[in-house]
$ cat input_1.cif   # mmCIF, C-alpha atoms
data_work
#
loop_
_atom_site.label_atom_id
_atom_site.label_comp_id
_atom_site.auth_asym_id
_atom_site.auth_seq_id
_atom_site.Cartn_x
_atom_site.Cartn_y
_atom_site.Cartn_z
CA MET A 1 45.84 14.67 44.62
CA PRO A 2 42.59 16.25 43.44
CA SER A 3 42.95 18.49 40.40
CA PRO A 4 41.31 21.94 40.41
CA HIS A 5 39.45 20.66 37.35
CA ASP A 6 37.83 17.70 39.08
CA SER A 7 34.52 19.51 39.43
CA LEU A 8 34.50 20.17 35.67
CA TYR A 9 35.12 16.49 34.94
CA ALA A 10 32.33 15.57 37.36
CA LEU A 11 30.01 17.84 35.40
CA ILE A 12 31.15 16.29 32.11
CA ALA A 13 30.49 12.80 33.49
CA GLU A 14 27.03 13.88 34.64
CA THR A 15 26.17 15.33 31.22
CA GLY A 16 27.96 12.99 28.80
CA GLY A 17 28.89 9.94 30.86
CA ALA A 18 32.03 8.75 32.67
CA ARG A 19 33.55 7.46 29.44
CA LEU A 20 33.53 10.90 27.81
CA ALA A 21 34.90 12.46 31.00
CA ASP A 22 37.84 10.03 30.90
CA GLN A 23 38.42 10.76 27.21
CA LEU A 24 38.46 14.51 27.82
CA ARG A 25 40.76 14.08 30.81
CA PHE A 26 43.24 12.46 28.40
CA VAL A 27 42.65 15.14 25.75
CA MET A 28 43.36 17.91 28.27
CA GLU A 29 46.36 16.12 29.79
CA ILE A 30 48.16 15.63 26.48
CA ASP A 31 48.09 19.40 26.00
CA ARG A 32 51.38 19.23 27.91
CA LEU A 33 53.08 17.79 24.81
CA LYS A 34 53.15 21.43 23.66
CA GLY A 35 55.46 22.18 26.58
CA ILE A 36 58.14 19.60 25.66
CA VAL A 37 60.88 21.32 23.69
CA ARG A 38 62.96 19.21 21.30
CA GLN A 39 66.55 19.58 20.10
CA THR A 40 65.36 20.31 16.57
CA PRO A 41 65.41 23.94 15.41
CA LEU A 42 62.59 25.44 13.34
CA ILE A 43 63.64 25.98 9.72
CA ASP A 44 63.81 29.74 10.35
CA GLY A 45 66.17 29.06 13.28
CA SER A 46 64.13 31.25 15.65
CA ARG A 47 63.71 28.57 18.34
CA ASN A 48 63.46 24.80 18.77
CA GLU A 49 60.20 23.04 17.99
CA THR A 50 57.91 21.43 20.57
CA ASP A 51 56.92 17.77 20.55
CA ALA A 52 53.37 18.67 19.51
CA GLU A 53 54.67 20.66 16.53
CA HIS A 54 57.04 17.86 15.57
CA THR A 55 54.19 15.35 15.71
CA TRP A 56 51.94 17.45 13.48
CA HIS A 57 54.79 17.79 11.01
CA LEU A 58 55.41 14.01 10.86
CA ALA A 59 51.72 13.22 10.40
CA THR A 60 51.44 15.72 7.55
CA MET A 61 54.67 14.42 5.97
CA ALA A 62 53.16 10.94 6.03
CA VAL A 63 50.20 12.27 4.02
CA ILE A 64 52.50 13.99 1.50
CA LEU A 65 55.02 11.13 1.18
CA ALA A 66 52.51 8.26 1.35
CA GLU A 67 53.67 6.97 -2.05
CA PHE A 68 57.04 6.08 -0.50
CA ALA A 69 55.40 3.62 1.88
CA GLY A 70 55.26 0.04 0.66
CA PRO A 71 51.92 -1.62 -0.21
CA ALA A 72 51.87 -3.31 3.23
CA VAL A 73 51.51 0.03 5.02
CA ASP A 74 48.04 0.96 6.31
CA MET A 75 48.40 4.72 6.25
CA THR A 76 45.49 5.28 8.63
CA ARG A 77 47.19 3.18 11.29
CA ALA A 78 50.59 4.73 10.58
CA ILE A 79 49.20 8.26 11.04
CA ARG A 80 47.33 7.26 14.21
CA MET A 81 50.58 5.78 15.52
CA ILE A 82 52.47 8.97 14.68
CA LEU A 83 49.89 11.14 16.46
CA ILE A 84 50.48 9.36 19.79
CA HIS A 85 54.12 8.24 19.37
CA ASP A 86 55.65 10.91 21.59
CA ILE A 87 53.04 11.52 24.28
CA VAL A 88 55.02 9.49 26.83
CA GLU A 89 57.55 12.33 26.69
CA ILE A 90 55.04 14.41 28.70
CA ASP A 91 56.34 12.53 31.75
CA ALA A 92 59.62 11.13 30.43
CA GLY A 93 61.00 14.14 28.55
CA ASP A 94 62.72 14.19 25.18
CA THR A 95 66.04 12.42 24.62
CA PHE A 96 68.36 13.63 21.91
CA LEU A 97 68.76 11.00 19.20
CA TYR A 98 72.55 10.90 19.56
CA VAL A 99 72.95 9.88 23.22
CA ASP A 100 74.63 6.66 24.43
CA ALA A 101 72.98 3.31 25.12
CA ALA A 102 72.77 3.77 28.92
CA ALA A 103 70.89 7.03 28.57
CA ARG A 104 68.52 5.39 26.10
CA ALA A 105 67.83 2.47 28.45
CA ALA A 106 66.96 4.83 31.31
CA GLN A 107 64.66 6.72 28.97
CA THR A 108 62.89 3.49 27.98
CA ALA A 109 62.08 2.72 31.62
CA ARG A 110 60.70 6.22 32.18
CA GLU A 111 58.59 5.91 29.04
CA GLN A 112 56.98 2.66 30.19
CA GLN A 113 55.88 4.35 33.43
CA ALA A 114 54.60 7.31 31.46
CA ALA A 115 52.61 5.00 29.20
CA ASP A 116 51.01 3.35 32.26
CA ARG A 117 49.87 6.70 33.57
CA LEU A 118 48.83 8.46 30.35
CA PHE A 119 47.07 5.66 28.45
CA GLY A 120 45.59 4.67 31.83
CA LEU A 121 43.57 7.89 31.84
CA LEU A 122 41.46 6.61 28.93
CA PRO A 123 38.54 4.16 29.13
CA GLY A 124 40.03 0.65 29.56
CA GLU A 125 39.80 -0.87 26.09
CA GLN A 126 40.59 2.42 24.33
CA GLY A 127 43.67 3.01 26.47
CA ALA A 128 44.82 -0.57 25.89
CA ALA A 129 44.42 -0.22 22.11
CA LEU A 130 46.41 3.02 21.98
CA ARG A 131 49.05 1.62 24.30
CA ALA A 132 49.41 -1.39 21.98
CA LEU A 133 49.77 0.97 19.03
CA TRP A 134 52.50 2.87 20.88
CA GLU A 135 54.28 -0.39 21.79
CA GLU A 136 54.11 -1.36 18.13
CA PHE A 137 55.75 1.93 17.18
CA GLU A 138 58.50 1.37 19.76
CA ALA A 139 59.16 -2.19 18.55
CA HIS A 140 59.46 -0.96 14.94
CA GLU A 141 58.82 -4.38 13.47
CA SER A 142 55.54 -3.90 11.60
CA ALA A 143 55.39 -2.17 8.21
CA ASP A 144 53.26 0.62 9.72
CA ALA A 145 55.75 1.22 12.53
CA ARG A 146 58.67 1.25 10.11
CA PHE A 147 57.07 3.88 7.96
CA ALA A 148 56.15 5.95 11.05
CA ARG A 149 59.75 5.70 12.22
CA THR A 150 61.01 6.71 8.79
CA MET A 151 59.05 9.95 9.13
CA ASP A 152 60.30 10.38 12.72
CA ARG A 153 63.93 10.14 11.58
CA LEU A 154 63.58 12.02 8.31
CA GLN A 155 61.96 15.16 9.73
CA PRO A 156 64.68 16.22 12.23
CA PHE A 157 67.30 15.17 9.66
CA LEU A 158 65.82 17.55 7.08
CA HIS A 159 65.61 20.29 9.71
CA ASN A 160 69.31 19.87 10.38
CA VAL A 161 70.19 19.97 6.68
CA PHE A 162 67.97 23.01 6.02
CA THR A 163 69.38 24.96 8.97
CA ASP A 164 73.00 24.46 7.89
CA GLY A 165 73.47 21.79 10.57
CA ILE A 166 73.13 24.08 13.61
CA GLY A 167 71.83 21.23 15.77
CA TRP A 168 74.58 18.85 14.63
CA ARG A 169 77.34 21.41 15.13
CA LYS A 170 76.07 22.39 18.56
CA HIS A 171 76.22 18.77 19.74
CA GLY A 172 79.36 17.77 17.79
CA VAL A 173 77.50 15.05 15.88
CA THR A 174 79.55 13.23 13.23
CA ALA A 175 78.51 11.97 9.80
CA GLY A 176 79.09 8.39 10.98
CA ALA A 177 76.65 8.82 13.87
CA VAL A 178 74.05 10.29 11.52
CA ARG A 179 74.51 7.40 9.04
CA THR A 180 74.01 4.86 11.84
CA ARG A 181 70.86 6.53 13.18
CA MET A 182 69.40 7.02 9.70
CA ALA A 183 70.05 3.44 8.54
CA VAL A 184 66.54 2.39 9.68
CA ILE A 185 64.99 4.73 7.12
CA ALA A 186 65.86 2.03 4.58
CA ASP A 187 63.33 -0.29 6.32
CA GLY A 188 60.59 2.26 5.68
CA SER A 189 61.65 3.48 2.25
CA PRO A 190 64.83 2.62 0.30
CA ASP A 191 64.25 5.65 -1.96
CA LEU A 192 64.14 8.07 0.96
CA HIS A 193 67.19 6.36 2.45
CA ARG A 194 69.14 6.92 -0.76
CA LEU A 195 68.24 10.61 -0.61
CA VAL A 196 69.34 10.83 3.03
CA GLU A 197 72.72 9.28 2.19
CA ARG A 198 73.21 11.83 -0.58
CA LEU A 199 72.28 14.70 1.75
CA ILE A 200 74.69 13.46 4.43
CA ALA A 201 77.52 13.56 1.86
CA GLU A 202 76.44 17.06 0.83
CA SER A 203 76.26 18.18 4.48
CA VAL A 204 79.84 17.01 4.99
CA ALA A 205 80.93 18.83 1.82
CA ARG A 206 79.26 22.01 3.07
CA GLY A 207 80.73 21.72 6.57
CA TYR A 208 77.35 21.18 8.31
CA LEU A 209 78.58 17.84 9.59
CA GLU A 210 82.05 16.50 10.36
CA GLU A 211 83.26 13.30 8.75
CA GLU A 212 85.21 11.30 11.34
CA MET B 20 63.44 35.39 -5.64
CA PRO B 21 65.80 32.44 -5.32
CA SER B 22 65.83 30.79 -1.90
CA PRO B 23 69.15 29.99 -0.22
CA HIS B 24 67.92 26.40 -0.24
CA ASP B 25 67.51 26.16 -4.02
CA SER B 26 70.76 24.26 -4.42
CA LEU B 27 69.56 21.68 -1.87
CA TYR B 28 66.31 21.23 -3.78
CA ALA B 29 68.28 20.85 -7.02
CA LEU B 30 70.28 18.08 -5.37
CA ILE B 31 67.07 16.41 -4.12
CA ALA B 32 65.61 16.55 -7.63
CA GLU B 33 68.78 15.03 -9.05
CA THR B 34 68.74 12.17 -6.53
CA GLY B 35 65.05 11.49 -6.02
CA GLY B 36 63.30 13.27 -8.90
CA ALA B 37 61.55 16.61 -9.34
CA ARG B 38 58.35 15.28 -7.77
CA LEU B 39 60.05 14.48 -4.46
CA ALA B 40 61.83 17.85 -4.53
CA ASP B 41 58.45 19.60 -4.85
CA GLN B 42 56.99 17.50 -2.05
CA LEU B 43 59.87 18.35 0.27
CA ARG B 44 59.64 22.03 -0.65
CA PHE B 45 56.06 21.91 0.66
CA VAL B 46 57.09 19.91 3.74
CA MET B 47 59.77 22.48 4.61
CA GLU B 48 57.55 25.48 3.83
CA ILE B 49 54.73 24.36 6.12
CA ASP B 50 57.20 24.37 9.01
CA ARG B 51 56.13 28.01 9.30
CA LEU B 52 52.79 26.88 10.78
CA LYS B 53 54.79 26.51 14.00
CA GLY B 54 55.35 30.26 13.94
CA ILE B 55 51.66 31.23 13.83
CA VAL B 56 50.46 31.97 17.36
CA ARG B 57 46.76 31.53 18.13
CA GLN B 58 44.52 33.26 20.66
CA THR B 59 44.11 30.02 22.61
CA PRO B 60 46.12 29.63 25.82
CA LEU B 61 47.79 26.35 26.75
CA ILE B 62 45.98 24.60 29.61
CA ASP B 63 48.82 25.57 31.98
CA GLY B 64 48.34 29.21 30.93
CA SER B 65 52.07 29.67 30.25
CA ARG B 66 51.63 30.98 26.69
CA ASN B 67 49.30 30.70 23.69
CA GLU B 68 49.50 27.68 21.43
CA THR B 69 50.78 27.69 17.84
CA ASP B 70 48.74 26.59 14.83
CA ALA B 71 50.88 23.45 14.46
CA GLU B 72 50.23 22.49 18.09
CA HIS B 73 46.51 23.20 17.72
CA THR B 74 46.38 21.02 14.61
CA TRP B 75 48.11 18.09 16.31
CA HIS B 76 45.67 18.40 19.19
CA LEU B 77 42.61 18.33 16.89
CA ALA B 78 43.87 15.32 14.95
CA THR B 79 44.51 13.39 18.16
CA MET B 80 41.12 14.42 19.57
CA ALA B 81 39.53 13.04 16.41
CA VAL B 82 41.19 9.68 17.15
CA ILE B 83 40.01 9.72 20.77
CA LEU B 84 36.48 10.97 20.07
CA ALA B 85 35.90 9.01 16.85
CA GLU B 86 32.84 7.30 18.34
CA PHE B 87 31.04 10.67 18.37
CA ALA B 88 31.28 10.93 14.58
CA GLY B 89 28.28 9.60 12.68
CA PRO B 90 28.56 6.46 10.51
CA ALA B 91 28.94 8.66 7.40
CA VAL B 92 32.29 10.01 8.58
CA ASP B 93 35.43 8.57 6.97
CA MET B 94 37.86 9.17 9.81
CA THR B 95 40.92 8.84 7.58
CA ARG B 96 39.71 11.69 5.38
CA ALA B 97 38.61 13.75 8.38
CA ILE B 98 42.06 13.47 9.99
CA ARG B 99 43.80 14.27 6.70
CA MET B 100 41.56 17.33 6.39
CA ILE B 101 42.38 18.41 9.93
CA LEU B 102 46.13 18.07 9.31
CA ILE B 103 46.03 20.63 6.48
CA HIS B 104 43.05 22.78 7.56
CA ASP B 105 45.08 25.70 8.88
CA ILE B 106 48.16 25.81 6.65
CA VAL B 107 46.78 28.78 4.71
CA GLU B 108 47.33 30.76 7.91
CA ILE B 109 51.06 30.63 7.13
CA ASP B 110 50.38 33.48 4.71
CA ALA B 111 46.99 34.71 5.91
CA GLY B 112 47.51 34.68 9.69
CA ASP B 113 45.09 33.55 12.37
CA THR B 114 41.77 35.32 12.92
CA PHE B 115 40.10 35.17 16.32
CA LEU B 116 36.83 33.27 16.13
CA TYR B 117 34.83 36.15 17.57
CA VAL B 118 35.51 38.91 15.00
CA ASP B 119 32.87 40.58 12.82
CA ALA B 120 31.71 39.55 9.34
CA ALA B 121 33.85 42.11 7.47
CA ALA B 122 37.04 40.90 9.11
CA ARG B 123 36.09 37.32 8.28
CA ALA B 124 35.47 38.18 4.60
CA ALA B 125 38.89 39.83 4.30
CA GLN B 126 40.44 36.77 5.90
CA THR B 127 38.72 34.48 3.40
CA ALA B 128 40.25 36.39 0.47
CA ARG B 129 43.72 36.18 1.99
CA GLU B 130 43.28 32.46 2.58
CA GLN B 131 42.39 31.80 -1.07
CA GLN B 132 45.62 33.47 -2.17
CA ALA B 133 47.54 31.50 0.44
CA ALA B 134 46.00 28.26 -0.82
CA ASP B 135 47.08 29.11 -4.39
CA ARG B 136 50.66 29.58 -3.29
CA LEU B 137 51.03 26.79 -0.75
CA PHE B 138 49.18 23.91 -2.43
CA GLY B 139 50.80 25.14 -5.66
CA LEU B 140 54.20 24.06 -4.32
CA LEU B 141 53.15 20.40 -4.54
CA PRO B 142 53.13 18.23 -7.69
CA GLY B 143 50.03 19.21 -9.72
CA GLU B 144 47.54 16.45 -8.97
CA GLN B 145 48.63 16.12 -5.34
CA GLY B 146 48.31 19.85 -4.73
CA ALA B 147 44.89 19.88 -6.39
CA ALA B 148 43.67 16.98 -4.25
CA LEU B 149 44.78 18.62 -1.00
CA ARG B 150 43.39 21.97 -2.09
CA ALA B 151 40.04 20.28 -2.75
CA LEU B 152 40.17 18.70 0.70
CA TRP B 153 40.84 22.13 2.23
CA GLU B 154 37.95 23.70 0.23
CA GLU B 155 35.74 20.89 1.51
CA PHE B 156 36.73 21.73 5.07
CA GLU B 157 35.98 25.41 4.49
CA ALA B 158 32.57 24.65 2.94
CA HIS B 159 31.66 22.47 5.95
CA GLU B 160 28.93 20.62 4.07
CA SER B 161 30.24 17.05 3.99
CA ALA B 162 30.03 14.74 7.01
CA ASP B 163 33.84 14.59 7.17
CA ALA B 164 34.15 18.39 7.15
CA ARG B 165 31.48 18.75 9.82
CA PHE B 166 33.26 16.40 12.14
CA ALA B 167 36.60 18.13 11.48
CA ARG B 168 34.97 21.46 12.27
CA THR B 169 33.45 20.05 15.43
CA MET B 170 36.97 19.26 16.65
CA ASP B 171 38.18 22.70 15.51
CA ARG B 172 35.50 24.42 17.60
CA LEU B 173 35.56 22.08 20.57
CA GLN B 174 39.30 22.28 21.26
CA PRO B 175 39.64 26.05 21.84
CA PHE B 176 36.32 25.99 23.70
CA LEU B 177 37.65 23.38 26.13
CA HIS B 178 40.87 25.38 26.50
CA ASN B 179 38.84 28.41 27.49
CA VAL B 180 36.77 26.45 30.01
CA PHE B 181 39.84 24.73 31.50
CA THR B 182 41.75 28.01 31.88
CA ASP B 183 38.92 29.74 33.75
CA GLY B 184 37.98 31.67 30.59
CA ILE B 185 41.13 33.82 30.37
CA GLY B 186 40.81 34.10 26.58
CA TRP B 187 37.11 35.00 26.77
CA ARG B 188 37.59 37.55 29.53
CA LYS B 189 40.53 39.18 27.75
CA HIS B 190 38.42 39.72 24.62
CA GLY B 191 35.12 40.44 26.40
CA VAL B 192 33.37 37.52 24.71
CA THR B 193 29.76 36.92 25.83
CA ALA B 194 27.93 33.63 26.37
CA GLY B 195 25.62 34.50 23.47
CA ALA B 196 28.56 34.84 21.09
CA VAL B 197 29.99 31.51 22.24
CA ARG B 198 26.59 29.80 21.80
CA THR B 199 26.32 31.14 18.25
CA ARG B 200 29.84 30.04 17.25
CA MET B 201 29.43 26.62 18.90
CA ALA B 202 26.03 25.88 17.32
CA VAL B 203 27.75 24.10 14.38
CA ILE B 204 29.10 21.46 16.74
CA ALA B 205 25.59 20.00 16.65
CA ASP B 206 26.12 19.21 12.93
CA GLY B 207 29.15 17.09 13.84
CA SER B 208 27.89 15.56 17.08
CA PRO B 209 24.65 16.33 18.97
CA ASP B 210 26.10 14.65 22.09
CA LEU B 211 29.17 16.89 22.13
CA HIS B 212 26.95 19.90 21.46
CA ARG B 213 24.83 19.08 24.50
CA LEU B 214 27.99 18.95 26.60
CA VAL B 215 29.16 22.30 25.23
CA GLU B 216 25.84 23.93 26.12
CA ARG B 217 26.14 22.60 29.67
CA LEU B 218 29.71 23.88 29.97
CA ILE B 219 28.69 27.32 28.69
CA ALA B 220 26.06 27.52 31.45
CA GLU B 221 28.67 26.43 34.00
CA SER B 222 31.17 28.98 32.67
CA VAL B 223 28.60 31.73 33.17
CA ALA B 224 27.87 30.46 36.69
CA ARG B 225 31.59 30.51 37.48
CA GLY B 226 32.14 33.97 36.00
CA TYR B 227 34.39 32.76 33.14
CA LEU B 228 31.92 34.17 30.64
CA GLU B 229 29.40 37.01 30.82
CA GLU B 230 25.77 36.39 30.00
CA GLU B 231 24.47 39.36 28.04
#
$ encode --input "input_1.cif" --output "structure tokens"
Amino acid sequence: MPSPHDSLYALIAETGGARLADQLRFVMEIDRLKGIVRQTPLIDGSRNETDAEHTWHLATMAVILAEFAGPAVDMTRAIRMILIHDIVEIDAGDTFLYVDAAARAAQTAREQQAADRLFGLLPGEQGAALRALWEEFEAHESADARFARTMDRLQPFLHNVFTDGIGWRKHGVTAGAVRTRMAVIADGSPDLHRLVERLIAESVARGYLEEE
Amino acid sequence: MPSPHDSLYALIAETGGARLADQLRFVMEIDRLKGIVRQTPLIDGSRNETDAEHTWHLATMAVILAEFAGPAVDMTRAIRMILIHDIVEIDAGDTFLYVDAAARAAQTAREQQAADRLFGLLPGEQGAALRALWEEFEAHESADARFARTMDRLQPFLHNVFTDGIGWRKHGVTAGAVRTRMAVIADGSPDLHRLVERLIAESVARGYLEEE
């Protein structure tokens, strides 16, 4: 289906080349990440954050907390990975961290299709490189991916703690479920994982989270 | 004034040290960038974007358009600069690009105070380093700052073009004013500047922008 913007992209291709037109098509398309609302409340509790806001927050946290990454982490790659880690949610939507395995499997299939479409907008080798970076994030095996995932888990966790657990209470999340989902933080940073464990205990003590 | 979160920060300091507590105080405080609404509409026109969303978009654009940066640009520094370039607006608010010189001078004074407070939350040397990076962005003299500013000008410009100029028409912005504000893009990338000039002409032809 032709987009009402096709004539603009044709003009861009004429002026700056087809490669730039493809790059800007991607840049304009990912604007929709600002329309994906997450389950995480803003710290002031006024509304939930969007995926684009979440992503900015993670990338900036990575800058601030870089010293918690091990020496094997290439921070430039980790930040690049963070910047694109959620764009598949433009097509696939956001899934709350505490859903069951079946829901997560369905989400994975939707995300693969989304990756085909979105990274496919870019010039071939650039799209392939970013797709590989996203796959690396999803596999969470490399040091860079583990640190990126540590930020991705830590940020909504801190939002829950600093909003008196409104998100947790709304969804009936238990301390055990949080411990399980946060265990991977230890792969990215044992120090940050120790802090998370302490804050889970405190959240239970304060009634933000139910021990089960 | 004590914050209701002081006891959480005390716990963080006890578990992970005062340095980490200061870092997380900054991380939580900058969440407010998600509450600063800009003049730029989303591409779907549904609402205006927030500063946090804008910043994510610029950082990702820098990744995609890295080949338009000259060889002198250190992309890691440029992206880091982009990630923190607007946080002073948490205290100082957003100023529309097309205001007069007096309004811009008042904004600059507010931003310096904001920088004192916000970067001052971080551990001393880390806050000083990020403050210096922000000052470098503001001075727009280094190659990294020029490329960061190119992204900062190009993104809202593209949003205006791809939303049929709703922002421009609402504020009665003329083609001459856009040309003047976009001239600095040439310092970051002559190729992107050529494209911008072509799109300004097209926007006038389409009635998105008035020639004056």
$ resolve_selection --input "input_1.cif" --expression "the PyMOL selection byres ((chain A and resi 173) around 12)" --output "number ranges by chain"
A: 96-99, 157, 160, 165-172, 174-181, 200, 203-204, 207-212
$ write_last_selection --input "input_1.cif" --atoms "C-alpha atoms" --output "short mmCIF file (atom, residue, chain, number, x, y, z; two decimals), keeping the file's coordinate frame"
data_model
loop_
_atom_site.label_atom_id
_atom_site.label_comp_id
_atom_site.auth_asym_id
_atom_site.auth_seq_id
_atom_site.Cartn_x
_atom_site.Cartn_y
_atom_site.Cartn_z
CA PHE A 96 68.36 13.63 21.91
CA LEU A 97 68.76 11.00 19.20
CA TYR A 98 72.55 10.90 19.56
CA VAL A 99 72.95 9.88 23.22
CA PHE A 157 67.30 15.17 9.66
CA ASN A 160 69.31 19.87 10.38
CA GLY A 165 73.47 21.79 10.57
CA ILE A 166 73.13 24.08 13.61
CA GLY A 167 71.83 21.23 15.77
CA TRP A 168 74.58 18.85 14.63
CA ARG A 169 77.34 21.41 15.13
CA LYS A 170 76.07 22.39 18.56
CA HIS A 171 76.22 18.77 19.74
CA GLY A 172 79.36 17.77 17.79
CA THR A 174 79.55 13.23 13.23
CA ALA A 175 78.51 11.97 9.80
CA GLY A 176 79.09 8.39 10.98
CA ALA A 177 76.65 8.82 13.87
CA VAL A 178 74.05 10.29 11.52
CA ARG A 179 74.51 7.40 9.04
CA THR A 180 74.01 4.86 11.84
CA ARG A 181 70.86 6.53 13.18
CA ILE A 200 74.69 13.46 4.43
CA SER A 203 76.26 18.18 4.48
CA VAL A 204 79.84 17.01 4.99
CA GLY A 207 80.73 21.72 6.57
CA TYR A 208 77.35 21.18 8.31
CA LEU A 209 78.58 17.84 9.59
CA GLU A 210 82.05 16.50 10.36
CA GLU A 211 83.26 13.30 8.75
CA GLU A 212 85.21 11.30 11.34
#
$ residues_around --input "input_1.cif" --residues "Ala29 in chain B" --least-positions-apart "4" --cutoff "12 Å" --atoms "only C-alpha atoms" --output "ChimeraX atom specification"
/A:199,202 /B:21-25,33-41,43-44
$ closest_atom_pairs --input "input_1.cif" --of "chain A" --to "chain B" --cutoff "6 Å" --atoms "only C-alpha atoms" --output "Markdown table"
| residue | atom | partner | partner_atom | distance |
| --- | --- | --- | --- | --- |
| A:Ala52 | CA | B:Glu72 | CA | 5.1 |
| A:Glu53 | CA | B:Glu72 | CA | 5.0 |
| A:Trp56 | CA | B:Trp75 | CA | 4.8 |
| A:Thr76 | CA | B:Thr95 | CA | 5.9 |
$ residues_around --input "input_1.cif" --residues "Arg168 in chain B" --least-positions-apart "4" --cutoff "8 Å" --atoms "all atoms listed in the file" --output "list in words"
Phe156, His159, Ala164, Arg172, Val203, Ile204 and Gly207 of chain B
$ residues_around --input "input_1.cif" --residues "Gln113 in chain A" --least-positions-apart "3" --cutoff "10 Å" --atoms "all atoms listed in the file" --output "tab-separated table (two decimals) with C-alpha atoms, in the coordinates of the input"
chain	number	residue	atom	x	y	z
A	88	VAL	CA	55.02	9.49	26.83
A	91	ASP	CA	56.34	12.53	31.75
A	92	ALA	CA	59.62	11.13	30.43
A	108	THR	CA	62.89	3.49	27.98
A	109	ALA	CA	62.08	2.72	31.62
A	110	ARG	CA	60.70	6.22	32.18
A	116	ASP	CA	51.01	3.35	32.26
A	117	ARG	CA	49.87	6.70	33.57
A	118	LEU	CA	48.83	8.46	30.35
$ atom_distance --input "input_1.cif" --atom1 "CA of Ser208 in chain B" --atom2 "CA of Ala220 in chain B"
18.8 Å
$ atom_distance --input "input_1.cif" --atom1 "CA of Ala205 in chain A" --atom2 "CA of Gly45 in chain A"
21.3 Å
$ decode --input "input_1.cif" --residues "range 136-175 of chain B" --atoms "C-alpha atoms" --output "short mmCIF file (atom, residue, chain, number, x, y, z; two decimals), in the first residue's frame"
data_model
loop_
_atom_site.label_atom_id
_atom_site.label_comp_id
_atom_site.auth_asym_id
_atom_site.auth_seq_id
_atom_site.Cartn_x
_atom_site.Cartn_y
_atom_site.Cartn_z
CA ARG B 136 21.49 21.23 40.35
CA LEU B 137 21.14 18.17 38.14
CA PHE B 138 24.78 17.30 37.38
CA GLY B 139 25.46 18.20 41.02
CA LEU B 140 23.46 15.15 42.11
CA LEU B 141 26.15 12.85 40.68
CA PRO B 142 29.46 11.92 42.33
CA GLY B 143 31.82 14.90 41.90
CA GLU B 144 34.08 13.86 39.04
CA GLN B 145 31.28 12.10 37.15
CA GLY B 146 28.98 15.10 37.41
CA ALA B 147 31.79 17.41 36.28
CA ALA B 148 32.56 15.22 33.26
CA LEU B 149 28.92 15.11 32.13
CA ARG B 150 28.50 18.83 32.77
CA ALA B 151 31.55 19.47 30.57
CA LEU B 152 30.03 17.28 27.87
CA TRP B 153 26.79 19.27 28.07
CA GLU B 154 28.71 22.60 27.91
CA GLU B 155 30.50 21.25 24.85
CA PHE B 156 27.16 20.49 23.22
CA GLU B 157 25.90 23.99 24.02
CA ALA B 158 29.05 25.63 22.62
CA HIS B 159 28.69 23.64 19.38
CA GLU B 160 32.32 24.12 18.41
CA SER B 161 33.69 20.57 18.48
CA ALA B 162 33.04 18.09 15.67
CA ASP B 163 31.11 15.84 18.08
CA ALA B 164 28.88 18.71 19.23
CA ARG B 165 28.23 19.80 15.65
CA PHE B 166 27.08 16.36 14.66
CA ALA B 167 24.91 16.09 17.79
CA ARG B 168 23.35 19.44 16.94
CA THR B 169 22.77 18.36 13.37
CA MET B 170 20.64 15.49 14.70
CA ASP B 171 18.90 17.87 17.14
CA ARG B 172 17.89 20.19 14.29
CA LEU B 173 17.16 17.54 11.69
CA GLN B 174 14.73 15.48 13.77
CA PRO B 175 12.09 18.17 14.51
#
